[in-house]
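Novice: Can you keep this structure in mind? I'll have questions shortly.
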Amino acid sequence: MPPAAPGLALHELLAGSPALAAALPGVERAAATDLPVLLLGEPGSGRSTLARALHAAGPRAAGPLVEVDPGAFPSALFESELFGYRPGAFTGAERESEGRVARAGGGTLVLDHVEELPLAAQPQLLRLLAERRYAPLGGREQEADVRFVAIAAEDLPARAARGLFRADLFYRLEVLAFRLPPLRERRGDLPALAERLLADLGERLGRPAPRLAAGALDWMLAHPWPGNVRQLRNVLERGLVMAAGAEVDPPRPEGWEGERPRRLAAVEEAEIRRALAYTRGHQGRAAELLGISRKSLWERRRRLGIP
């Protein structure tokens, strides 16, 4: 998923990624509700970008978007960070502090890395989600006028099953759950994704829209991208900074040249077959999904022996 401006519309995000749109059926309908949403996936797969797009496409788009990482705070500090506190609530509390819930009033509260929240702090979050009420430390109870979007690792369901995460909290979060596929599962997005990232990077650096050098896309299609879109962006940014002209030729991984023929052919054939299966053999739609022309798809099928 291409990182973009925080206000990027959800339909634009999905339109720029056919494979992502196919993997997230119902996400646009979920955005239009006020229900909690859980986004599962690997780091760098675009969970935060989708969270911002959900906010922008939802009924609270005019309100604030506030993010908090529960795992970044000790259990004892999480409550005051989330709910705030009043003067005298504890030693050192000399003035009022507004918590993240209050700051997100009328808008969306994004809870990042929820799986890292200590068990001792999870009941507080459960009550907030279930009752939409909370009390600042040393203050009166009040309503939480926010929508919740939670971001977690793919293994959150397994953690809940093993007792490492409260099952009732997980069930409350997964009312509307979506898994973002890693980049290696949607390689058909790479051509359009790389083009969009380069355009964004070029604009940020005040350069004309750059283009990929010949052969660069070949290794990008075969590379596993363990860091997902975040890693791809970093590689393209490094290549753009080092580029002498209008072409960007990102540095290849060590040993790439010796691996290229075998790996590229296998990946290319697998992606073409997957696109054809998804479109039920429709040549035009498969080419669009892969980001190539119908003629290019036909030539590649003939070369690879794909009927």
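To be explicit about the labels: the chains of the structure tokens are called A, B, and onward in the order shown, and within each one the residues are counted from 1, while ligands get numbers from 1 in the order they are shown.
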Quick one: residues within 8 Å of region 23-32 of chain A, only C-alpha atoms, excluding same-chain residues fewer than 3 positions away - as a list in words?

Specialist: Leu10, His11, Ala19, Leu20, Leu35, Val37, Leu54, His55, Ala57, Gly58, Pro59, Leu176, Phe178, Arg179, Leu180 and Pro181 of chain A

Novice: Could those selected residues go to a file with C-alpha atoms, as a PDB file, in the first residue's frame?

Specialist:
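Printed below is result-v4.pdb as written:
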ATOM      1  CA  LEU A  10     -10.000   5.106   0.736  1.00  0.00           C
ATOM      2  CA  HIS A  11     -11.329   4.600  -2.773  1.00  0.00           C
ATOM      3  CA  ALA A  19      -4.755  -6.915  -5.297  1.00  0.00           C
ATOM      4  CA  LEU A  20      -5.326  -5.074  -2.037  1.00  0.00           C
ATOM      5  CA  LEU A  35     -17.833   0.425  14.722  1.00  0.00           C
ATOM      6  CA  VAL A  37     -12.006  -1.882  13.173  1.00  0.00           C
ATOM      7  CA  LEU A  54     -10.606   4.699   7.197  1.00  0.00           C
ATOM      8  CA  HIS A  55     -10.842   7.843   9.301  1.00  0.00           C
ATOM      9  CA  ALA A  57     -13.714   7.927   4.646  1.00  0.00           C
ATOM     10  CA  GLY A  58     -15.808   7.610   7.802  1.00  0.00           C
ATOM     11  CA  PRO A  59     -18.507   9.676   9.487  1.00  0.00           C
ATOM     12  CA  LEU A 176     -14.689  -5.705  11.784  1.00  0.00           C
ATOM     13  CA  PHE A 178      -9.160  -7.083   8.055  1.00  0.00           C
ATOM     14  CA  ARG A 179      -5.813  -8.681   7.240  1.00  0.00           C
ATOM     15  CA  LEU A 180      -3.446  -6.661   5.088  1.00  0.00           C
ATOM     16  CA  PRO A 181      -1.461  -9.031   2.870  1.00  0.00           C
TER      17      PRO A 181
END

Novice: Applying 6 Å and only C-alpha atoms, which residues near region 185-201 of chain A remain after dropping the ones on its own chain fewer than 3 positions away? List them as a ChimeraX atom specification.

Specialist: /A:17,19,182,204,209,290

Novice: Skipping near chain neighbours, those fewer than 4 positions away, what residues fall within 9 Å of Pro157 (chain A) using only C-alpha atoms, listed as a tab-separated table (two decimals) with C-alpha atoms, in the first residue's frame?

Specialist:
chain	number	residue	atom	x	y	z
A	161	ALA	CA	-6.05	-18.44	22.05
A	162	ARG	CA	-2.93	-19.02	24.21
A	165	PHE	CA	-4.14	-11.52	25.23
A	167	ALA	CA	-10.07	-13.21	24.65
A	170	PHE	CA	-9.94	-9.58	21.19

Novice: Within 9 Å of region 38-47 of chain A, counting only C-alpha atoms, which residues qualify if same-chain residues fewer than 3 places away don't, as a ChimeraX atom specification?

Specialist: /A:1-3,50-52,148-156,173-183,226-231

Novice: Go ahead and dump the residues you just picked, C-alpha atoms, as a PDB file, in the first residue's frame.

Specialist:
ATOM      1  CA  MET A   1       0.000   0.000   0.000  1.00  0.00           C
ATOM      2  CA  PRO A   2       1.552   3.294  -1.021  1.00  0.00           C
ATOM      3  CA  PRO A   3       2.243   5.686   1.813  1.00  0.00           C
ATOM      4  CA  LEU A  50      -5.223   2.280   5.942  1.00  0.00           C
ATOM      5  CA  ALA A  51      -6.179   3.468   9.431  1.00  0.00           C
ATOM      6  CA  ARG A  52      -5.848   7.081   8.291  1.00  0.00           C
ATOM      7  CA  PHE A 148     -11.597   3.013  17.564  1.00  0.00           C
ATOM      8  CA  VAL A 149      -9.211   1.552  14.993  1.00  0.00           C
ATOM      9  CA  ALA A 150      -6.776  -1.029  16.382  1.00  0.00           C
ATOM     10  CA  ILE A 151      -3.574  -2.160  14.673  1.00  0.00           C
ATOM     11  CA  ALA A 152      -2.009  -5.484  15.614  1.00  0.00           C
ATOM     12  CA  ALA A 153       0.338  -8.227  14.465  1.00  0.00           C
ATOM     13  CA  GLU A 154      -1.064 -11.123  12.474  1.00  0.00           C
ATOM     14  CA  ASP A 155      -0.654 -13.481  15.423  1.00  0.00           C
ATOM     15  CA  LEU A 156      -3.077 -11.596  17.691  1.00  0.00           C
ATOM     16  CA  LEU A 173     -11.812  -5.553  18.714  1.00  0.00           C
ATOM     17  CA  GLU A 174     -12.513  -7.983  15.887  1.00  0.00           C
ATOM     18  CA  VAL A 175     -16.056  -6.785  15.155  1.00  0.00           C
ATOM     19  CA  LEU A 176     -14.689  -5.705  11.784  1.00  0.00           C
ATOM     20  CA  ALA A 177     -11.268  -7.291  11.215  1.00  0.00           C
ATOM     21  CA  PHE A 178      -9.160  -7.083   8.055  1.00  0.00           C
ATOM     22  CA  ARG A 179      -5.813  -8.681   7.240  1.00  0.00           C
ATOM     23  CA  LEU A 180      -3.446  -6.661   5.088  1.00  0.00           C
ATOM     24  CA  PRO A 181      -1.461  -9.031   2.870  1.00  0.00           C
ATOM     25  CA  PRO A 182       2.319  -8.549   2.793  1.00  0.00           C
ATOM     26  CA  LEU A 183       3.866  -7.187  -0.363  1.00  0.00           C
ATOM     27  CA  PRO A 226      10.439  -8.788   4.197  1.00  0.00           C
ATOM     28  CA  GLY A 227       9.976  -5.133   5.224  1.00  0.00           C
ATOM     29  CA  ASN A 228       6.988  -4.776   2.892  1.00  0.00           C
ATOM     30  CA  VAL A 229       6.011  -1.380   1.447  1.00  0.00           C
ATOM     31  CA  ARG A 230       8.090   0.465   4.015  1.00  0.00           C
ATOM     32  CA  GLN A 231      11.226  -1.328   2.802  1.00  0.00           C
TER      33      GLN A 231
END

Novice: Mind the document's chain letters and residue numbers, and return as a short mmCIF file (atom, residue, chain, number, x, y, z; two decimals) with N, CA and C atoms, in the first residue's frame the residues of region 102-169 of chain A that DSSP labels helix (DSSP H, G or I).

Specialist:
data_model
loop_
_atom_site.label_atom_id
_atom_site.label_comp_id
_atom_site.auth_asym_id
_atom_site.auth_seq_id
_atom_site.Cartn_x
_atom_site.Cartn_y
_atom_site.Cartn_z
N ALA A 102 -9.70 12.06 25.15
CA ALA A 102 -10.32 13.39 25.08
C ALA A 102 -9.86 14.14 23.83
N ARG A 103 -8.58 14.00 23.48
CA ARG A 103 -8.06 14.70 22.30
C ARG A 103 -8.72 14.19 21.02
N VAL A 114 -1.42 -3.12 19.51
CA VAL A 114 -2.28 -3.51 20.62
C VAL A 114 -1.80 -4.81 21.26
N GLU A 115 -1.16 -5.67 20.48
CA GLU A 115 -0.73 -6.96 21.03
C GLU A 115 0.33 -6.80 22.12
N GLU A 116 0.98 -5.64 22.18
CA GLU A 116 2.02 -5.40 23.18
C GLU A 116 1.47 -4.83 24.49
N LEU A 119 -1.11 -7.39 30.05
CA LEU A 119 -2.37 -7.98 30.48
C LEU A 119 -3.04 -7.14 31.56
N ALA A 120 -2.24 -6.56 32.46
CA ALA A 120 -2.80 -5.80 33.56
C ALA A 120 -3.54 -4.55 33.09
N ALA A 121 -3.17 -4.03 31.93
CA ALA A 121 -3.80 -2.81 31.42
C ALA A 121 -4.96 -3.10 30.49
N GLN A 122 -5.14 -4.35 30.10
CA GLN A 122 -6.16 -4.67 29.11
C GLN A 122 -7.59 -4.47 29.60
N PRO A 123 -7.91 -4.71 30.90
CA PRO A 123 -9.28 -4.45 31.35
C PRO A 123 -9.73 -3.00 31.14
N GLN A 124 -8.79 -2.05 31.28
CA GLN A 124 -9.13 -0.65 31.07
C GLN A 124 -9.56 -0.39 29.63
N LEU A 125 -8.83 -0.98 28.71
CA LEU A 125 -9.16 -0.81 27.30
C LEU A 125 -10.47 -1.51 26.97
N LEU A 126 -10.70 -2.68 27.57
CA LEU A 126 -11.95 -3.42 27.32
C LEU A 126 -13.15 -2.58 27.75
N ARG A 127 -13.08 -1.98 28.93
CA ARG A 127 -14.20 -1.17 29.40
C ARG A 127 -14.42 0.04 28.49
N LEU A 128 -13.34 0.63 28.04
CA LEU A 128 -13.46 1.78 27.15
C LEU A 128 -14.18 1.40 25.86
N LEU A 129 -13.82 0.24 25.30
CA LEU A 129 -14.45 -0.21 24.06
C LEU A 129 -15.89 -0.65 24.28
N ALA A 130 -16.14 -1.34 25.38
CA ALA A 130 -17.46 -1.91 25.61
C ALA A 130 -18.49 -0.87 26.04
N GLU A 131 -18.08 0.07 26.90
CA GLU A 131 -19.04 1.00 27.47
C GLU A 131 -18.91 2.42 26.93
N LEU A 156 -2.22 -11.97 16.56
CA LEU A 156 -3.08 -11.60 17.69
C LEU A 156 -4.12 -12.67 18.01
N PRO A 157 -4.82 -13.26 17.02
CA PRO A 157 -5.76 -14.33 17.36
C PRO A 157 -5.09 -15.50 18.06
N ALA A 158 -3.87 -15.86 17.64
CA ALA A 158 -3.16 -16.96 18.29
C ALA A 158 -2.77 -16.58 19.71
N ARG A 159 -2.41 -15.33 19.94
CA ARG A 159 -2.07 -14.88 21.29
C ARG A 159 -3.28 -14.98 22.20
N ALA A 160 -4.44 -14.60 21.68
CA ALA A 160 -5.66 -14.68 22.47
C ALA A 160 -5.99 -16.13 22.80
N ALA A 161 -5.77 -17.02 21.83
CA ALA A 161 -6.05 -18.44 22.05
C ALA A 161 -5.13 -19.04 23.11
N ALA A 167 -9.18 -12.76 25.72
CA ALA A 167 -10.07 -13.21 24.65
C ALA A 167 -11.25 -12.26 24.49
N ASP A 168 -11.82 -11.78 25.60
CA ASP A 168 -12.98 -10.89 25.48
C ASP A 168 -12.60 -9.56 24.85
N LEU A 169 -11.38 -9.08 25.08
CA LEU A 169 -10.92 -7.86 24.43
C LEU A 169 -10.70 -8.10 22.94
#

Novice: Using only C-alpha atoms, can you tell me which of A:Ile272, A:Ile292, A:Leu304, A:Ala61 comes closest to Asp34 (chain A)?

Specialist: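 Looking at the shortest contact to Asp34 (chain A), the residue is A:Ala61.
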
Novice: Enter the distance from CA of Glu67 (chain A) to CA of Ser80 (chain A), in Å, rounded to one decimal.

Specialist: 15.0 Å

Novice: Can you pull out the residues contacting Leu212 (chain A)? Cut-off 7 Å, using only C-alpha atoms, and skip same-chain residues under 2 positions away; I want them as a list in words.

Specialist: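 In the requested format, the answer is Pro210, Ala214, Ala216, Glu247, Val248 and Asp249 of chain A.
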
Novice: Could you pull out all residues of region 49-281 of chain A with a DSSP call of strand (DSSP E or B) and give them as a ChimeraX atom specification?

Specialist: /A:65-68,84-85,97-98,108-111,133-134,137,142-143,147-152,176-179,211-212,247-248

Novice: Just write the chosen residues, N, CA, C and O atoms, as a CSV table (one decimal), in the first residue's frame.

Specialist:
chain,number,residue,atom,x,y,z
A,65,LEU,N,-7.8,13.0,14.3
A,65,LEU,CA,-7.2,11.6,14.3
A,65,LEU,C,-6.1,11.6,15.2
A,65,LEU,O,-5.1,12.3,15.1
A,66,VAL,N,-6.2,10.8,16.3
A,66,VAL,CA,-5.2,10.7,17.3
A,66,VAL,C,-4.7,9.2,17.4
A,66,VAL,O,-5.5,8.3,17.4
A,67,GLU,N,-3.4,9.1,17.5
A,67,GLU,CA,-2.8,7.8,17.5
A,67,GLU,C,-2.1,7.6,18.9
A,67,GLU,O,-1.5,8.5,19.4
A,68,VAL,N,-2.1,6.4,19.4
A,68,VAL,CA,-1.4,6.0,20.6
A,68,VAL,C,-0.9,4.6,20.5
A,68,VAL,O,-1.6,3.7,19.9
A,84,GLY,N,-5.9,10.7,30.7
A,84,GLY,CA,-5.5,11.9,31.3
A,84,GLY,C,-5.7,11.9,32.8
A,84,GLY,O,-6.0,10.9,33.4
A,85,TYR,N,-5.5,13.1,33.4
A,85,TYR,CA,-5.6,13.1,34.9
A,85,TYR,C,-5.9,14.6,35.3
A,85,TYR,O,-5.7,15.5,34.6
A,97,SER,N,-4.0,17.2,32.8
A,97,SER,CA,-3.5,16.7,31.6
A,97,SER,C,-4.6,16.0,30.8
A,97,SER,O,-5.3,15.1,31.3
A,98,GLU,N,-4.8,16.4,29.6
A,98,GLU,CA,-5.8,15.8,28.7
A,98,GLU,C,-5.3,14.5,28.1
A,98,GLU,O,-4.2,14.5,27.5
A,108,THR,N,-11.3,9.9,15.6
A,108,THR,CA,-10.9,8.5,15.6
A,108,THR,C,-9.6,8.4,16.5
A,108,THR,O,-8.7,9.2,16.4
A,109,LEU,N,-9.6,7.3,17.3
A,109,LEU,CA,-8.5,7.0,18.1
A,109,LEU,C,-7.9,5.7,17.6
A,109,LEU,O,-8.5,4.7,17.5
A,110,VAL,N,-6.6,5.8,17.1
A,110,VAL,CA,-5.9,4.6,16.5
A,110,VAL,C,-5.0,4.0,17.6
A,110,VAL,O,-4.1,4.7,18.1
A,111,LEU,N,-5.3,2.8,17.9
A,111,LEU,CA,-4.5,2.0,18.9
A,111,LEU,C,-3.5,1.2,18.2
A,111,LEU,O,-3.8,0.1,17.6
A,133,ARG,N,-17.1,4.7,28.0
A,133,ARG,CA,-17.0,5.6,29.1
A,133,ARG,C,-15.6,5.4,29.8
A,133,ARG,O,-15.0,4.3,29.7
A,134,TYR,N,-15.2,6.5,30.4
A,134,TYR,CA,-13.9,6.4,31.1
A,134,TYR,C,-13.8,7.6,32.1
A,134,TYR,O,-14.7,8.5,32.1
A,137,LEU,N,-7.8,10.1,35.7
A,137,LEU,CA,-7.4,9.9,37.0
A,137,LEU,C,-7.7,11.1,37.9
A,137,LEU,O,-7.3,12.2,37.6
A,142,GLN,N,-16.9,10.1,32.3
A,142,GLN,CA,-17.4,10.8,31.1
A,142,GLN,C,-17.5,9.9,29.9
A,142,GLN,O,-16.9,8.8,29.9
A,143,GLU,N,-18.2,10.4,28.9
A,143,GLU,CA,-18.4,9.5,27.7
A,143,GLU,C,-17.2,9.7,26.7
A,143,GLU,O,-16.6,10.8,26.6
A,147,ARG,N,-14.2,6.9,17.7
A,147,ARG,CA,-14.3,5.7,17.0
A,147,ARG,C,-12.9,5.0,17.2
A,147,ARG,O,-11.9,5.7,17.2
A,148,PHE,N,-12.8,3.7,17.3
A,148,PHE,CA,-11.6,3.0,17.6
A,148,PHE,C,-11.1,2.2,16.3
A,148,PHE,O,-11.9,1.5,15.7
A,149,VAL,N,-9.9,2.4,16.0
A,149,VAL,CA,-9.2,1.6,15.0
A,149,VAL,C,-8.0,1.0,15.7
A,149,VAL,O,-7.1,1.7,16.1
A,150,ALA,N,-7.9,-0.4,15.7
A,150,ALA,CA,-6.8,-1.0,16.4
A,150,ALA,C,-5.9,-1.7,15.3
A,150,ALA,O,-6.4,-2.2,14.3
A,151,ILE,N,-4.6,-1.6,15.6
A,151,ILE,CA,-3.6,-2.2,14.7
A,151,ILE,C,-2.8,-3.2,15.5
A,151,ILE,O,-2.4,-3.0,16.6
A,152,ALA,N,-2.7,-4.4,14.9
A,152,ALA,CA,-2.0,-5.5,15.6
A,152,ALA,C,-1.3,-6.4,14.7
A,152,ALA,O,-1.5,-6.4,13.4
A,176,LEU,N,-15.0,-5.8,13.2
A,176,LEU,CA,-14.7,-5.7,11.8
A,176,LEU,C,-13.2,-5.8,11.7
A,176,LEU,O,-12.4,-4.9,11.9
A,177,ALA,N,-12.7,-7.0,11.3
A,177,ALA,CA,-11.3,-7.3,11.2
A,177,ALA,C,-10.9,-7.5,9.8
A,177,ALA,O,-11.6,-8.1,9.0
A,178,PHE,N,-9.7,-6.9,9.4
A,178,PHE,CA,-9.2,-7.1,8.1
A,178,PHE,C,-7.7,-7.4,8.1
A,178,PHE,O,-6.9,-6.8,8.9
A,179,ARG,N,-7.2,-8.3,7.3
A,179,ARG,CA,-5.8,-8.7,7.2
A,179,ARG,C,-5.2,-8.0,6.0
A,179,ARG,O,-5.7,-8.3,4.9
A,211,ARG,N,11.7,7.8,-13.1
A,211,ARG,CA,11.2,6.5,-13.7
A,211,ARG,C,12.3,5.5,-13.3
A,211,ARG,O,13.4,5.8,-13.1
A,212,LEU,N,11.8,4.2,-13.3
A,212,LEU,CA,12.7,3.1,-13.0
A,212,LEU,C,13.6,2.8,-14.2
A,212,LEU,O,13.2,2.8,-15.3
A,247,GLU,N,16.4,8.6,-14.3
A,247,GLU,CA,16.2,7.2,-14.0
A,247,GLU,C,16.7,6.8,-12.6
A,247,GLU,O,17.7,7.2,-12.2
A,248,VAL,N,15.9,5.9,-12.0
A,248,VAL,CA,16.2,5.4,-10.7
A,248,VAL,C,16.6,4.0,-10.8
A,248,VAL,O,15.8,3.2,-11.3

Novice: Applying 6 Å and only C-alpha atoms, which residues near region 62-64 of chain A remain after dropping the ones on its own chain fewer than 3 positions away? List them as a ChimeraX atom specification.

Specialist: /A:104,106-107

Novice: Can you spit out the residues from that selection as a short mmCIF file (atom, residue, chain, number, x, y, z; two decimals), in the first residue's frame, using N, CA, C and O atoms?

Specialist:
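Result file follows (again30.cif):
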data_model
loop_
_atom_site.label_atom_id
_atom_site.label_comp_id
_atom_site.auth_asym_id
_atom_site.auth_seq_id
_atom_site.Cartn_x
_atom_site.Cartn_y
_atom_site.Cartn_z
N ALA A 104 -9.13 12.92 21.04
CA ALA A 104 -9.75 12.33 19.85
C ALA A 104 -11.26 12.54 19.83
O ALA A 104 -11.94 12.00 18.96
N GLY A 106 -14.88 13.27 19.06
CA GLY A 106 -15.52 13.57 17.78
C GLY A 106 -14.79 13.00 16.59
O GLY A 106 -15.24 13.15 15.45
N GLY A 107 -13.67 12.31 16.84
CA GLY A 107 -12.87 11.76 15.75
C GLY A 107 -12.54 10.30 15.95
O GLY A 107 -13.36 9.53 16.43
#

Novice: What separation in Å, quoted to one decimal, exists between CA of Arg132 (chain A) and CA of Ala144 (chain A)?

Specialist: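 Taking CA of Arg132 (chain A) and CA of Ala144 (chain A), their separation equals 5.0 Å.
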
Novice: So which one's closest to Gly245 (chain A), A:Arg86, A:Arg207, A:Arg301, A:Arg172? Using only C-alpha atoms, please.

Specialist: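 Selected residue with least distance to Gly245 (chain A): A:Arg207.
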
Novice: With only C-alpha atoms as the atoms that count, which of A:Ala213, A:Ala22, A:Ile306, A:Val101 lies nearest to Glu81 (chain A)?

Specialist: A:Val101
